[in-house]
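K.L.:
The structure's right below; bear with me while I get my questions together.
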Amino acid sequence: MSTVRKAAIALAAVSALALTACGPTEDGAAGGSGTPTASPTASAGATATTTAGPSATPSKSAAPKKTAPASKPPKPGSTDPDFDVFPCSTLDVTFTATLAEPTTSSYLLKITNKGTKACRALGHPIVTFGGLDGQATERGAAPGIEDALRLEPGQSAYAGLMGGANDGKGKTVNSIALTMNTESDLKQTPLKASTPGLYVSPEKNSVTAWMNNAEDALSL
């Protein structure tokens with residue numbers, strides 16, 4: 001075989017190999033049957049950049065919620081409607097005494113709030129008998145200061161005073177004086193009431209706590 005023929009055969013083989021190597025690239029560029037391998041990789045890269053990249057914008061639902069500031073605790077006593085209602089004194093009330101039972105020298109004591117604000121009638125009334133020493137003893141229990149009777153302006157409270165039956169050991173007085181229990185050292189002017197023929201027995205005189213009706217005050 002001549003040298004020229006050998007060279008022609010070799011050149012043809014090289015050309016065939018070159019066409020085979022370039023074929024898939026040309027098919028993919030022209031929309032042929034070759035399957036591109038770069039598209040999935042590029043798509044995954046784009047997705048990663050959109051959701052996790054530094055320029056990604058967080059969704060509204062992922063934003064941290066603002067916490068409401070804690071409410072301030074109420075001032076001491078501000079939730080108690082009676083926290084500013086002070087005990088009644090003789091400066092706040094009017095006073096009367098009415099004979100209820102002559103045999104036992106029982107009298108109905110009545111006070112009425114004459115002021116413009118509510119006050120509390122605490123415990124038992126403090127009753128003295130004319131010029132006699134001492135005061136009436138307390139009969140029955142009285143509610144604590146938090147449960148004491150509240151008197152709105154114009155409202156009244158009642159207590160039952162018993163001088164006692166004439167046992168020959170006591171004395172007769174024609175008046176009594178009353179001051180209020182304020183659980184303080186507040187100075188009060190005693191309120192007086194007429195009690196003609198009131199017999200005061202040393203052992204049996206007594207007075208009930210303040211109540212909101214006359215019947216209970218006289219039945220205790």
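Residues are referred to by chain and number: the chain letter is A, B, ... according to the order shown in the structure tokens, the number counts from 1 in that chain, and ligands are numbered separately from 1 in the order shown.
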Would you write out, as JSON lines, a table of all residues in region 99-130 of chain A that have an atom no more than 12 Å from an atom of region 163-170 of chain A, listing for each the closest atom pair and the distance in Å to one decimal, considering only C-alpha atoms and ordering rows by chain and rising residue number?

P.N.:
{"residue": "A:Leu99", "atom": "CA", "partner": "A:Gly163", "partner_atom": "CA", "distance": 10.9}
{"residue": "A:Ala100", "atom": "CA", "partner": "A:Gly163", "partner_atom": "CA", "distance": 11.3}
{"residue": "A:Glu101", "atom": "CA", "partner": "A:Gly163", "partner_atom": "CA", "distance": 10.1}
{"residue": "A:Pro102", "atom": "CA", "partner": "A:Ala165", "partner_atom": "CA", "distance": 8.8}
{"residue": "A:Thr103", "atom": "CA", "partner": "A:Ala165", "partner_atom": "CA", "distance": 6.2}
{"residue": "A:Thr104", "atom": "CA", "partner": "A:Ala165", "partner_atom": "CA", "distance": 4.6}
{"residue": "A:Ser105", "atom": "CA", "partner": "A:Gly163", "partner_atom": "CA", "distance": 5.0}
{"residue": "A:Ser106", "atom": "CA", "partner": "A:Gly163", "partner_atom": "CA", "distance": 6.1}
{"residue": "A:Tyr107", "atom": "CA", "partner": "A:Gly163", "partner_atom": "CA", "distance": 8.2}
{"residue": "A:Leu108", "atom": "CA", "partner": "A:Gly163", "partner_atom": "CA", "distance": 11.4}
{"residue": "A:Val127", "atom": "CA", "partner": "A:Gly163", "partner_atom": "CA", "distance": 10.9}
{"residue": "A:Thr128", "atom": "CA", "partner": "A:Gly163", "partner_atom": "CA", "distance": 11.0}
{"residue": "A:Phe129", "atom": "CA", "partner": "A:Gly163", "partner_atom": "CA", "distance": 9.2}

K.L.:
Got a sec: who's within 12 Å of Gly134 (chain A), counting only C-alpha atoms, leaving out chain neighbours fewer than 5 positions off, as a list in words?

P.N.:
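Those residues are Ile126, Val127, Thr128, Phe129, Ile176, Ala177, Val200, Pro202, Asn205 and Ser206 of chain A.
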
K.L.:
Nearest residue to Met180 (chain A) out of A:Asp84, A:Ala136, A:Ala97, A:Ile111, using only C-alpha atoms?

P.N.:
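Nearest candidate to Met180 (chain A) out of A:Asp84, A:Ala136, A:Ala97, A:Ile111: A:Ile111.
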
K.L.:
If you measure from CA of Leu198 (chain A) to CA of Asp185 (chain A), what distance in Å do you get, rounded to one decimal?

P.N.:
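A separation of 29.8 Å between them.
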
K.L.:
Taking only C-alpha atoms into account, name the residue in A:Ala217, A:Leu186, A:Ala209, A:Cys119 that is nearest to Ala141 (chain A).

P.N.:
A:Ala209

K.L.:
Can you pull out the residues contacting Leu122 (chain A)? Cut-off 12 Å, using only C-alpha atoms, and skip same-chain residues under 4 positions away; I want them as a count of residues only.

P.N.:
30

K.L.:
Nearest to Pro153 (chain A) among A:Ser175, A:Lys192, A:Gly130, A:Arg120, with distances taken over only C-alpha atoms: which residue is it?

P.N.:
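Of A:Ser175, A:Lys192, A:Gly130, A:Arg120, the one nearest Pro153 (chain A), counting only C-alpha atoms, is A:Arg120.
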
K.L.:
Counting only C-alpha atoms, which residue out of A:Gly160, A:Gly154, A:Gly131, A:Pro125 sits closest to Leu191 (chain A)?

P.N.:
A:Pro125

K.L.:
Just the number, please: distance in Å from CA of Gly197 (chain A) to CA of Lys171 (chain A), one decimal.

P.N.:
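Taking CA of Gly197 (chain A) as the start and CA of Lys171 (chain A) as the end point, the length is 9.4 Å.
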
K.L.:
Rounded to one decimal in Å, what is the spacing between CA of Thr94 (chain A) and CA of Ala121 (chain A)?

P.N.:
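CA of Ala121 (chain A) lies 12.5 Å from CA of Thr94 (chain A).
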